[in-house]
file coords.cif (mmCIF, C-alpha atoms)
data_work
loop_
_atom_site.group_PDB
_atom_site.id
_atom_site.type_symbol
_atom_site.label_atom_id
_atom_site.label_comp_id
_atom_site.auth_asym_id
_atom_site.auth_seq_id
_atom_site.Cartn_x
_atom_site.Cartn_y
_atom_site.Cartn_z
ATOM 1 C CA MET A 200 0.000 0.000 0.000
ATOM 2 C CA ALA A 201 1.401 3.392 -0.962
ATOM 3 C CA ASN A 202 2.586 5.689 1.816
ATOM 4 C CA GLY A 203 0.386 8.543 0.587
ATOM 5 C CA VAL A 204 -2.736 6.404 0.879
ATOM 6 C CA ILE A 205 -1.787 5.392 4.437
ATOM 7 C CA SER A 206 -1.313 9.031 5.457
ATOM 8 C CA ILE A 207 -4.673 9.986 3.941
ATOM 9 C CA LEU A 208 -6.387 7.093 5.751
ATOM 10 C CA ILE A 209 -4.916 8.146 9.130
ATOM 11 C CA TYR A 210 -6.010 11.725 8.457
ATOM 12 C CA ILE A 211 -9.561 10.646 7.519
ATOM 13 C CA ASP A 212 -9.835 8.424 10.622
ATOM 14 C CA LEU A 213 -8.729 11.174 12.974
ATOM 15 C CA LEU A 214 -11.091 13.672 11.302
ATOM 16 C CA LEU A 215 -13.978 11.203 11.603
ATOM 17 C CA VAL A 216 -13.253 10.608 15.284
ATOM 18 C CA SER A 217 -12.951 14.351 15.989
ATOM 19 C CA PHE A 218 -16.179 15.329 14.225
ATOM 20 C CA PHE A 219 -18.104 12.450 15.805
ATOM 21 C CA TYR A 220 -16.816 13.547 19.217
ATOM 22 C CA LEU A 221 -18.068 17.096 18.550
ATOM 23 C CA TYR A 222 -21.443 15.665 17.463
ATOM 24 C CA LEU A 223 -21.691 13.535 20.632
ATOM 25 C CA ARG A 224 -20.654 16.457 22.837
ATOM 26 C CA LYS A 225 -23.624 18.477 21.610
ATOM 27 C CA ARG A 226 -25.986 15.664 22.586
ATOM 28 C CA LYS A 227 -24.279 14.378 25.700
ATOM 29 C CA GLU A 228 -27.444 14.614 27.817
ATOM 30 C CA GLN A 229 -29.029 11.929 25.619
ATOM 31 C CA ILE A 230 -26.152 9.445 26.005
ATOM 32 C CA SER A 231 -26.948 6.631 28.413
ATOM 33 C CA TYR A 232 -24.335 4.881 30.559
ATOM 34 C CA THR A 233 -24.348 1.778 28.342
ATOM 35 C CA LEU A 234 -24.032 3.767 25.119
ATOM 36 C CA GLY A 235 -21.214 5.822 26.649
ATOM 37 C CA MET A 236 -19.377 2.666 27.648
ATOM 38 C CA THR A 237 -19.859 1.154 24.197
ATOM 39 C CA SER A 238 -18.760 4.280 22.356
ATOM 40 C CA SER A 239 -15.672 4.848 24.527
ATOM 41 C CA MET A 240 -14.535 1.237 24.227
ATOM 42 C CA ALA A 241 -15.357 0.763 20.521
ATOM 43 C CA VAL A 242 -14.166 4.099 19.145
ATOM 44 C CA GLY A 243 -11.084 4.333 21.402
ATOM 45 C CA GLY A 244 -10.052 0.745 20.712
ATOM 46 C CA LEU A 245 -10.613 0.902 16.955
ATOM 47 C CA THR A 246 -8.778 4.226 16.662
ATOM 48 C CA ALA A 247 -5.794 2.754 18.520
ATOM 49 C CA LEU A 248 -5.905 -0.371 16.351
ATOM 50 C CA LEU A 249 -6.104 1.544 13.061
ATOM 51 C CA THR A 250 -3.429 4.057 14.086
ATOM 52 C CA GLY A 251 -1.033 1.306 15.186
ATOM 53 C CA ILE A 252 -1.533 -0.833 12.079
ATOM 54 C CA LEU A 253 -1.344 2.034 9.576
ATOM 55 C CA LEU A 254 1.688 3.653 11.196
ATOM 56 C CA ILE A 255 3.696 0.433 11.501
ATOM 57 C CA MET A 256 3.038 -0.194 7.795
ATOM 58 C CA GLN A 257 4.349 3.247 6.948
ATOM 59 C CA PHE A 258 7.332 3.226 9.340
ATOM 60 C CA PRO A 259 8.260 -0.435 9.957
ATOM 61 C CA PHE A 260 11.583 0.391 11.665
ATOM 62 C CA HIS A 261 10.076 2.425 14.521
ATOM 63 C CA PHE A 262 8.214 -0.240 16.470
ATOM 64 C CA THR A 263 8.771 1.256 19.934
ATOM 65 C CA TYR A 264 7.743 4.814 19.106
ATOM 66 C CA ILE A 265 4.689 3.668 17.156
ATOM 67 C CA THR A 266 3.584 1.407 20.023
ATOM 68 C CA MET A 267 3.822 4.331 22.441
ATOM 69 C CA PHE A 268 2.101 6.728 20.040
ATOM 70 C CA SER A 269 -0.811 4.421 19.232
ATOM 71 C CA ALA A 270 -1.297 3.634 22.949
ATOM 72 C CA LEU A 271 -1.439 7.353 23.729
ATOM 73 C CA ILE A 272 -3.810 8.110 20.826
ATOM 74 C CA GLY A 273 -6.132 5.241 21.816
ATOM 75 C CA GLY A 274 -6.030 6.306 25.447
ATOM 76 C CA PHE A 275 -6.837 9.936 24.630
ATOM 77 C CA VAL A 276 -9.728 9.068 22.290
ATOM 78 C CA GLY A 277 -11.213 6.527 24.718
ATOM 79 C CA ALA A 278 -10.842 8.955 27.615
ATOM 80 C CA PHE A 279 -12.481 11.840 25.732
ATOM 81 C CA TYR A 280 -15.418 9.681 24.642
ATOM 82 C CA GLY A 281 -15.845 8.235 28.133
ATOM 83 C CA ARG A 282 -15.608 11.700 29.730
ATOM 84 C CA LEU A 283 -18.854 12.650 27.968
ATOM 85 C CA VAL A 284 -20.782 10.434 30.396
ATOM 86 C CA ASP A 285 -18.957 9.596 33.592
ATOM 87 C CA ARG A 286 -15.566 9.818 35.294
ATOM 88 C CA GLY A 287 -15.481 6.019 35.669
ATOM 89 C CA LEU A 288 -15.952 5.625 31.913
ATOM 90 C CA PHE A 289 -13.155 8.150 31.391
ATOM 91 C CA VAL A 290 -10.701 5.726 33.010
ATOM 92 C CA LEU A 291 -12.270 2.670 31.334
ATOM 93 C CA GLY A 292 -11.939 4.203 27.845
ATOM 94 C CA LEU A 293 -8.386 5.298 28.639
ATOM 95 C CA THR A 294 -7.350 1.803 29.741
ATOM 96 C CA ASN A 295 -9.029 0.046 26.838
ATOM 97 C CA GLY A 296 -7.424 2.396 24.294
ATOM 98 C CA ILE A 297 -3.995 1.971 25.913
ATOM 99 C CA MET A 298 -4.209 -1.827 25.905
ATOM 100 C CA ILE A 299 -5.321 -2.105 22.286
ATOM 101 C CA GLY A 300 -2.777 0.539 21.259
ATOM 102 C CA LEU A 301 0.029 -1.493 22.842
ATOM 103 C CA MET A 302 -1.028 -4.593 20.871
ATOM 104 C CA ALA A 303 -1.882 -2.951 17.523
ATOM 105 C CA PRO A 304 1.616 -2.600 15.958
ATOM 106 C CA MET A 305 2.211 -6.326 16.519
ATOM 107 C CA ILE A 306 -0.845 -7.096 14.390
ATOM 108 C CA GLY A 307 0.348 -4.621 11.770
ATOM 109 C CA THR A 308 3.664 -6.381 11.348
ATOM 110 C CA VAL A 309 2.207 -9.846 10.689
ATOM 111 C CA ILE A 310 -0.660 -9.171 8.251
ATOM 112 C CA GLU A 311 -0.007 -10.609 4.813
ATOM 113 C CA MET A 312 -2.858 -9.016 2.836
ATOM 114 C CA PRO A 313 -2.939 -5.439 4.116
ATOM 115 C CA VAL A 314 -5.447 -3.961 1.641
ATOM 116 C CA PRO A 315 -8.443 -6.250 2.445
ATOM 117 C CA PHE A 316 -7.549 -6.251 6.147
ATOM 118 C CA ILE A 317 -7.495 -2.470 6.421
ATOM 119 C CA GLY A 318 -10.596 -2.220 4.216
ATOM 120 C CA VAL A 319 -12.587 -4.543 6.486
ATOM 121 C CA LEU A 320 -11.331 -2.717 9.595
ATOM 122 C CA HIS A 321 -12.462 0.616 8.144
ATOM 123 C CA VAL A 322 -15.872 -0.802 7.239
ATOM 124 C CA PHE A 323 -16.175 -2.088 10.811
ATOM 125 C CA PHE A 324 -15.051 1.274 12.211
ATOM 126 C CA ILE A 325 -17.556 3.248 10.131
ATOM 127 C CA GLY A 326 -20.245 0.671 10.972
ATOM 128 C CA CYS A 327 -19.567 1.179 14.692
ATOM 129 C CA ILE A 328 -19.843 4.945 14.352
ATOM 130 C CA LEU A 329 -23.059 4.662 12.323
ATOM 131 C CA THR A 330 -24.570 2.257 14.869
ATOM 132 C CA ILE A 331 -23.820 4.663 17.728
ATOM 133 C CA PHE A 332 -25.207 7.519 15.604
ATOM 134 C CA TRP A 333 -28.490 5.674 14.896
ATOM 135 C CA THR A 334 -28.851 4.565 18.511
ATOM 136 C CA LEU A 335 -28.485 8.167 19.611
ATOM 137 C CA LYS A 336 -31.012 9.325 16.961
ATOM 138 C CA ARG A 337 -33.616 6.868 18.215
ATOM 139 C CA THR A 338 -33.371 7.920 21.879
ATOM 140 C CA MET B 93 19.018 -4.402 34.271
ATOM 141 C CA TRP B 94 16.444 -6.966 35.445
ATOM 142 C CA GLN B 95 16.394 -5.132 38.789
ATOM 143 C CA LEU B 96 14.709 -2.199 37.028
ATOM 144 C CA ILE B 97 11.885 -4.431 35.791
ATOM 145 C CA LEU B 98 11.529 -5.973 39.263
ATOM 146 C CA LEU B 99 11.318 -2.484 40.721
ATOM 147 C CA CYS B 100 8.623 -1.554 38.170
ATOM 148 C CA ALA B 101 6.672 -4.717 39.051
ATOM 149 C CA MET B 102 6.796 -3.879 42.768
ATOM 150 C CA TRP B 103 5.778 -0.267 42.048
ATOM 151 C CA ASN B 104 2.792 -1.445 39.995
ATOM 152 C CA LEU B 105 1.808 -3.997 42.631
ATOM 153 C CA THR B 106 1.883 -1.297 45.299
ATOM 154 C CA GLU B 107 -0.279 1.005 43.173
ATOM 155 C CA ALA B 108 -2.763 -1.820 42.522
ATOM 156 C CA GLY B 109 -2.883 -2.514 46.273
ATOM 157 C CA LEU B 110 -3.565 1.170 46.998
ATOM 158 C CA VAL B 111 -6.424 1.146 44.456
ATOM 159 C CA TYR B 112 -7.833 -2.000 46.106
ATOM 160 C CA GLN B 113 -7.688 -0.322 49.498
ATOM 161 C CA SER B 114 -9.328 2.825 48.132
ATOM 162 C CA LEU B 115 -12.124 0.850 46.465
ATOM 163 C CA GLU B 116 -12.711 -1.229 49.586
ATOM 164 C CA THR B 117 -12.968 1.872 51.757
ATOM 165 C CA LYS B 118 -15.572 3.512 49.510
ATOM 166 C CA ARG B 119 -17.346 0.244 48.703
ATOM 167 C CA SER B 120 -20.653 1.093 50.369
ATOM 168 C CA PHE B 121 -20.834 4.611 48.863
ATOM 169 C CA VAL B 122 -20.246 3.649 45.219
ATOM 170 C CA GLU B 123 -22.997 2.277 42.970
ATOM 171 C CA GLU B 124 -22.678 -1.298 41.754
ATOM 172 C CA TYR B 125 -22.216 -0.405 38.040
ATOM 173 C CA SER B 126 -19.570 2.190 38.843
ATOM 174 C CA MET B 127 -17.690 -0.270 41.052
ATOM 175 C CA SER B 128 -17.916 -2.861 38.281
ATOM 176 C CA THR B 129 -16.424 -0.423 35.735
ATOM 177 C CA MET B 130 -13.573 0.554 38.042
ATOM 178 C CA CYS B 131 -12.792 -3.077 38.923
ATOM 179 C CA MET B 132 -12.790 -4.022 35.213
ATOM 180 C CA THR B 133 -10.364 -1.190 34.483
ATOM 181 C CA VAL B 134 -7.891 -1.975 37.234
ATOM 182 C CA ILE B 135 -8.040 -5.752 36.645
ATOM 183 C CA MET B 136 -7.300 -5.402 32.904
ATOM 184 C CA MET B 137 -4.419 -2.996 33.336
ATOM 185 C CA THR B 138 -2.829 -4.686 36.373
ATOM 186 C CA ALA B 139 -3.040 -8.163 34.836
ATOM 187 C CA PHE B 140 -1.545 -6.875 31.578
ATOM 188 C CA VAL B 141 1.362 -5.059 33.212
ATOM 189 C CA MET B 142 2.169 -7.795 35.742
ATOM 190 C CA ALA B 143 2.071 -10.466 33.028
ATOM 191 C CA LEU B 144 4.385 -8.341 30.873
ATOM 192 C CA HIS B 145 6.866 -7.902 33.741
ATOM 193 C CA LEU B 146 6.804 -11.588 34.626
ATOM 194 C CA GLU B 147 7.164 -12.711 31.013
ATOM 195 C CA VAL B 148 10.247 -10.512 30.597
ATOM 196 C CA LEU B 149 11.722 -11.573 33.955
ATOM 197 C CA LEU B 150 11.158 -15.342 33.711
ATOM 198 C CA PRO B 151 13.564 -17.495 31.672
ATOM 199 C CA PRO B 152 12.027 -18.223 28.229
ATOM 200 C CA ASP B 153 13.314 -21.793 27.932
ATOM 201 C CA VAL B 154 11.341 -23.284 30.865
ATOM 202 C CA THR B 155 7.898 -24.167 29.473
ATOM 203 C CA VAL B 156 6.143 -24.646 32.824
ATOM 204 C CA LEU B 157 6.894 -21.078 33.875
ATOM 205 C CA GLN B 158 5.050 -19.705 30.835
ATOM 206 C CA PHE B 159 1.712 -20.277 32.580
ATOM 207 C CA ILE B 160 2.578 -18.094 35.562
ATOM 208 C CA PRO B 161 1.591 -14.735 33.917
ATOM 209 C CA LEU B 162 -1.818 -16.187 33.014
ATOM 210 C CA LEU B 163 -2.271 -17.487 36.573
ATOM 211 C CA ILE B 164 -1.301 -14.084 37.964
ATOM 212 C CA GLY B 165 -3.997 -12.504 35.764
ATOM 213 C CA LEU B 166 -6.590 -14.947 37.088
ATOM 214 C CA VAL B 167 -5.521 -14.320 40.700
ATOM 215 C CA ILE B 168 -5.771 -10.539 40.199
ATOM 216 C CA GLY B 169 -9.253 -10.971 38.695
ATOM 217 C CA TRP B 170 -10.342 -13.179 41.602
ATOM 218 C CA GLY B 171 -8.929 -10.738 44.149
ATOM 219 C CA TYR B 172 -10.795 -7.725 42.790
ATOM 220 C CA SER B 173 -14.028 -9.689 42.265
ATOM 221 C CA ARG B 174 -14.352 -9.883 46.070
ATOM 222 C CA LEU B 175 -15.121 -6.150 46.090
ATOM 223 C CA LYS B 176 -18.452 -6.699 44.341
ATOM 224 C CA SER B 177 -21.453 -8.254 45.984
ATOM 225 C CA ASP B 178 -22.924 -9.894 42.858
ATOM 226 C CA PRO B 179 -21.356 -13.368 42.466
ATOM 227 C CA ALA B 180 -21.864 -13.240 38.675
ATOM 228 C CA ASN B 181 -19.192 -10.541 38.582
ATOM 229 C CA LEU B 182 -16.612 -13.198 39.440
ATOM 230 C CA LEU B 183 -16.869 -14.499 35.886
ATOM 231 C CA ILE B 184 -16.283 -11.131 34.206
ATOM 232 C CA SER B 185 -13.402 -10.401 36.595
ATOM 233 C CA LEU B 186 -11.739 -13.733 35.857
ATOM 234 C CA TYR B 187 -12.288 -13.169 32.124
ATOM 235 C CA ASN B 188 -10.727 -9.700 32.246
ATOM 236 C CA GLY B 189 -7.808 -10.972 34.320
ATOM 237 C CA ALA B 190 -7.175 -13.850 31.926
ATOM 238 C CA MET B 191 -7.404 -11.602 28.853
ATOM 239 C CA GLY B 192 -5.042 -9.039 30.379
ATOM 240 C CA GLY B 193 -2.621 -11.808 31.388
ATOM 241 C CA LEU B 194 -2.665 -13.360 27.918
ATOM 242 C CA MET B 195 -2.117 -10.023 26.175
ATOM 243 C CA GLY B 196 0.752 -9.125 28.492
ATOM 244 C CA MET B 197 2.281 -12.542 27.932
ATOM 245 C CA MET B 198 2.037 -12.043 24.166
ATOM 246 C CA LEU B 199 3.669 -8.606 24.249
ATOM 247 C CA GLY B 200 6.424 -9.943 26.540
ATOM 248 C CA ALA B 201 7.107 -12.864 24.207
ATOM 249 C CA VAL B 202 7.361 -10.506 21.221
ATOM 250 C CA LEU B 203 9.686 -8.163 23.109
ATOM 251 C CA GLN B 204 11.981 -11.076 23.941
ATOM 252 C CA ASN B 205 11.927 -12.443 20.410
ATOM 253 C CA PRO B 206 10.933 -9.765 17.833
ATOM 254 C CA ALA B 207 11.256 -12.251 14.974
ATOM 255 C CA LEU B 208 7.925 -13.759 16.099
ATOM 256 C CA CYS B 209 6.150 -10.755 14.580
ATOM 257 C CA ASN B 210 8.688 -10.000 11.821
ATOM 258 C CA ILE B 211 9.779 -6.844 13.644
ATOM 259 C CA PRO B 212 13.032 -5.673 12.033
ATOM 260 C CA ILE B 213 15.198 -5.438 15.172
ATOM 261 C CA ALA B 214 18.483 -7.260 14.653
ATOM 262 C CA SER B 215 20.972 -6.357 17.358
ATOM 263 C CA GLN B 216 20.786 -7.488 20.993
ATOM 264 C CA ALA B 217 21.324 -3.934 22.258
ATOM 265 C CA MET B 218 18.357 -2.605 20.250
ATOM 266 C CA MET B 219 16.205 -5.461 21.516
ATOM 267 C CA GLU B 220 17.085 -4.706 25.137
ATOM 268 C CA LEU B 221 16.483 -0.988 24.671
ATOM 269 C CA ASN B 222 13.120 -1.773 23.073
ATOM 270 C CA THR B 223 12.175 -4.089 25.967
ATOM 271 C CA TYR B 224 13.154 -1.688 28.725
ATOM 272 C CA SER B 225 11.521 1.334 27.119
ATOM 273 C CA LEU B 226 8.206 -0.466 26.561
ATOM 274 C CA VAL B 227 8.212 -2.034 30.034
ATOM 275 C CA LEU B 228 8.884 1.360 31.639
ATOM 276 C CA PHE B 229 6.243 3.006 29.446
ATOM 277 C CA SER B 230 3.554 0.463 30.398
ATOM 278 C CA ALA B 231 4.538 0.712 34.089
ATOM 279 C CA CYS B 232 4.128 4.501 33.934
ATOM 280 C CA LEU B 233 0.756 4.142 32.179
ATOM 281 C CA HIS B 234 -0.381 1.743 34.899
ATOM 282 C CA VAL B 235 0.565 4.252 37.578
ATOM 283 C CA VAL B 236 -1.321 7.017 35.729
ATOM 284 C CA VAL B 237 -4.428 4.806 35.484
ATOM 285 C CA CYS B 238 -4.204 3.886 39.196
ATOM 286 C CA HIS B 239 -3.863 7.546 40.212
ATOM 287 C CA LEU B 240 -6.848 8.463 38.017
ATOM 288 C CA LEU B 241 -8.910 5.656 39.551
ATOM 289 C CA ARG B 242 -8.093 6.867 43.066
ATOM 290 C CA PHE B 243 -8.950 10.411 41.976
ATOM 291 C CA VAL B 244 -12.295 9.245 40.512
ATOM 292 C CA ASN B 245 -13.055 7.269 43.664
ATOM 293 C CA ARG B 246 -12.196 10.159 45.971
#

call {"tool": "encode", "arguments": {"input": "coords.cif", "output": "structure tokens"}}
result
Amino acid sequence: MANGVISILIYIDLLLVSFFYLYLRKRKEQISYTLGMTSSMAVGGLTALLTGILLIMQFPFHFTYITMFSALIGGFVGAFYGRLVDRGLFVLGLTNGIMIGLMAPMIGTVIEMPVPFIGVLHVFFIGCILTIFWTLKRT
Amino acid sequence: MWQLILLCAMWNLTEAGLVYQSLETKRSFVEEYSMSTMCMTVIMMTAFVMALHLEVLLPPDVTVLQFIPLLIGLVIGWGYSRLKSDPANLLISLYNGAMGGLMGMMLGAVLQNPALCNIPIASQAMMELNTYSLVLFSACLHVVVCHLLRFVNR
């Protein structure tokens, strides 16, 4: 996969996560505890996973830095999404993002067919966001 | 340098003990779902970090010792499940402890032998630097999470 495509994908993912966070922040009174837990775990974990996999494919010789970076990104995203509901969910999202971020670069180094793998992960990521969006619309 | 990892393990164990004490003190004032969330958080992170430390510290050629990180995860899960009154929570605590232990064991195994995941680290010095930096990083993250949990539970 070309390096330019990987950079664009990381950029699109981070934009998607940021705009969805702004959308959720406007409607945070409608978010239930269960939906908050789901969104913090799913979005934080998938962001960490995608960041780790895409970055290790672009910079394969920087395993340590990418592991730290993806853990921090996952932790921040999970914490911000969890903070919308509860302080307990803030720590839960942080921990979940950190753990998946620490594991993600290892997955990135062993995949043999990166294009279908990343495609399916993105479909799953967008599906998660759409599911949370529709659940929030219905409440 | 194994003393540094042992020191990190003791530091993390102390922090986990302080969180346990804090949760036990405020047990009757915290709602059941909130307690469940906090226990899940601390079990996952503590099991992961302790399994990582143990996997790096234990000799890789003795097969029987490879189960110890997983057992430590299960013991941590069982220990924290005693904070919750619902007996069904024992299952989720044991599950989280086992998952954290397995993930820590996996990361430790990859740090000891990067060729398992095709990570291009060739020299022994680079491998050791990689191991120590990631172990220290995860120990610091564990301490941050424990401090946040004690702050949330205040």

call {"tool": "resolve_selection", "arguments": {"input": "coords.cif", "expression": "the PyMOL selection byres ((chain A) within 7 of (chain B))", "output": "NGL selection string"}}
result
:A and (260 or 263 or 286-287 or 290-291 or 294 or 305 or 308-309)

call {"tool": "resolve_selection", "arguments": {"input": "coords.cif", "expression": "the PyMOL selection byres ((chain A and resi 295-297) around 9)", "output": "ChimeraX atom specification"}}
result
/A:239-248,267,269-278,290-294,298-302 /B:133,136-137,230,233

call {"tool": "closest_residue", "arguments": {"input": "coords.cif", "among": "A:Ile265, A:Tyr210, A:Leu335, A:Ile317", "to": "Lys225 (chain A)", "atoms": "only C-alpha atoms"}}
result
A:Leu335

call {"tool": "atom_distance", "arguments": {"input": "coords.cif", "atom1": "CA of Val111 (chain B)", "atom2": "CA of Arg242 (chain B)"}}
result
6.1 Å

call {"tool": "residues_around", "arguments": {"input": "coords.cif", "residues": "Leu208 (chain A)", "least_positions_apart": "5", "cutoff": "12 Å", "atoms": "all atoms listed in the file", "output": "ChimeraX atom specification"}}
result
/A:200-203,213-215,246,249-250,252-254,257,314,317-318,320-321

call {"tool": "axis_aligned_box", "arguments": {"input": "coords.cif", "around": "region 102-110 of chain B", "padding_each_side": "6 Å", "output": "lines of an AutoDock Vina configuration file"}}
result
center_x = 1.6
center_y = -1.4
center_z = 43.5
size_x = 22.4
size_y = 17.2
size_z = 19.0

call {"tool": "atom_distance", "arguments": {"input": "coords.cif", "atom1": "CA of Ser114 (chain B)", "atom2": "CA of Asn188 (chain B)"}}
result
20.3 Å

call {"tool": "atom_distance", "arguments": {"input": "coords.cif", "atom1": "CA of Met218 (chain B)", "atom2": "CA of Leu96 (chain B)"}}
result
17.2 Å

call {"tool": "residues_around", "arguments": {"input": "coords.cif", "residues": "region 156-168 of chain B", "least_positions_apart": "4", "cutoff": "10 Å", "atoms": "all atoms listed in the file", "output": "JSON, numbers by chain"}}
result
{"B": [108, 134, 135, 136, 137, 138, 139, 140, 141, 142, 143, 144, 145, 146, 147, 150, 151, 152, 172, 173, 185, 186, 187, 188, 189, 190, 191, 192, 193, 194, 195, 196, 197, 201]}

call {"tool": "write_last_selection", "arguments": {"input": "coords.cif", "atoms": "C-alpha atoms", "output": "compact mmCIF listing (two decimals), in the frame of the given file"}}
result
# COMPACT_ATOMS: atom_id res chain seq x y z
CA ALA B 108 -2.76 -1.82 42.52
CA VAL B 134 -7.89 -1.98 37.23
CA ILE B 135 -8.04 -5.75 36.65
CA MET B 136 -7.30 -5.40 32.90
CA MET B 137 -4.42 -3.00 33.34
CA THR B 138 -2.83 -4.69 36.37
CA ALA B 139 -3.04 -8.16 34.84
CA PHE B 140 -1.54 -6.88 31.58
CA VAL B 141 1.36 -5.06 33.21
CA MET B 142 2.17 -7.80 35.74
CA ALA B 143 2.07 -10.47 33.03
CA LEU B 144 4.38 -8.34 30.87
CA HIS B 145 6.87 -7.90 33.74
CA LEU B 146 6.80 -11.59 34.63
CA GLU B 147 7.16 -12.71 31.01
CA LEU B 150 11.16 -15.34 33.71
CA PRO B 151 13.56 -17.50 31.67
CA PRO B 152 12.03 -18.22 28.23
CA TYR B 172 -10.80 -7.72 42.79
CA SER B 173 -14.03 -9.69 42.26
CA SER B 185 -13.40 -10.40 36.60
CA LEU B 186 -11.74 -13.73 35.86
CA TYR B 187 -12.29 -13.17 32.12
CA ASN B 188 -10.73 -9.70 32.25
CA GLY B 189 -7.81 -10.97 34.32
CA ALA B 190 -7.18 -13.85 31.93
CA MET B 191 -7.40 -11.60 28.85
CA GLY B 192 -5.04 -9.04 30.38
CA GLY B 193 -2.62 -11.81 31.39
CA LEU B 194 -2.66 -13.36 27.92
CA MET B 195 -2.12 -10.02 26.18
CA GLY B 196 0.75 -9.12 28.49
CA MET B 197 2.28 -12.54 27.93
CA ALA B 201 7.11 -12.86 24.21

call {"tool": "closest_residue", "arguments": {"input": "coords.cif", "among": "A:Phe332, A:Tyr280, A:Phe289, A:Phe268", "to": "Ala303 (chain A)", "atoms": "only C-alpha atoms"}}
result
A:Phe268

call {"tool": "decode", "arguments": {"input": "coords.cif", "residues": "region 120-131 of chain B", "atoms": "N, CA, C and O atoms", "output": "CSV table (one decimal), in the first residue's frame"}}
result
chain,number,residue,atom,x,y,z
B,120,SER,N,-19.2,0.9,50.1
B,120,SER,CA,-20.7,1.1,50.4
B,120,SER,C,-21.2,2.4,49.8
B,120,SER,O,-22.4,2.6,49.7
B,121,PHE,N,-20.3,3.3,49.4
B,121,PHE,CA,-20.8,4.6,48.9
B,121,PHE,C,-20.9,4.6,47.3
B,121,PHE,O,-21.4,5.6,46.8
B,122,VAL,N,-20.3,3.7,46.7
B,122,VAL,CA,-20.2,3.6,45.2
B,122,VAL,C,-21.3,2.7,44.7
B,122,VAL,O,-21.6,1.6,45.2
B,123,GLU,N,-22.0,3.1,43.6
B,123,GLU,CA,-23.0,2.3,43.0
B,123,GLU,C,-22.4,1.0,42.4
B,123,GLU,O,-21.2,1.0,42.0
B,124,GLU,N,-23.2,0.0,42.2
B,124,GLU,CA,-22.7,-1.3,41.8
B,124,GLU,C,-22.1,-1.2,40.3
B,124,GLU,O,-21.0,-1.8,40.1
B,125,TYR,N,-22.7,-0.5,39.4
B,125,TYR,CA,-22.2,-0.4,38.0
B,125,TYR,C,-20.9,0.4,38.0
B,125,TYR,O,-20.0,0.0,37.2
B,126,SER,N,-20.8,1.4,38.8
B,126,SER,CA,-19.6,2.2,38.8
B,126,SER,C,-18.4,1.4,39.4
B,126,SER,O,-17.3,1.4,38.9
B,127,MET,N,-18.7,0.6,40.5
B,127,MET,CA,-17.7,-0.3,41.1
B,127,MET,C,-17.2,-1.3,40.0
B,127,MET,O,-16.1,-1.6,39.9
B,128,SER,N,-18.2,-1.8,39.3
B,128,SER,CA,-17.9,-2.9,38.3
B,128,SER,C,-17.0,-2.3,37.2
B,128,SER,O,-16.0,-3.0,36.8
B,129,THR,N,-17.3,-1.1,36.7
B,129,THR,CA,-16.4,-0.4,35.7
B,129,THR,C,-15.0,-0.2,36.3
B,129,THR,O,-14.0,-0.5,35.6
B,130,MET,N,-14.9,0.3,37.5
B,130,MET,CA,-13.6,0.6,38.0
B,130,MET,C,-12.8,-0.7,38.3
B,130,MET,O,-11.6,-0.8,38.0
B,131,CYS,N,-13.5,-1.8,38.7
B,131,CYS,CA,-12.8,-3.1,38.9
B,131,CYS,C,-12.3,-3.6,37.6
B,131,CYS,O,-11.2,-4.1,37.5
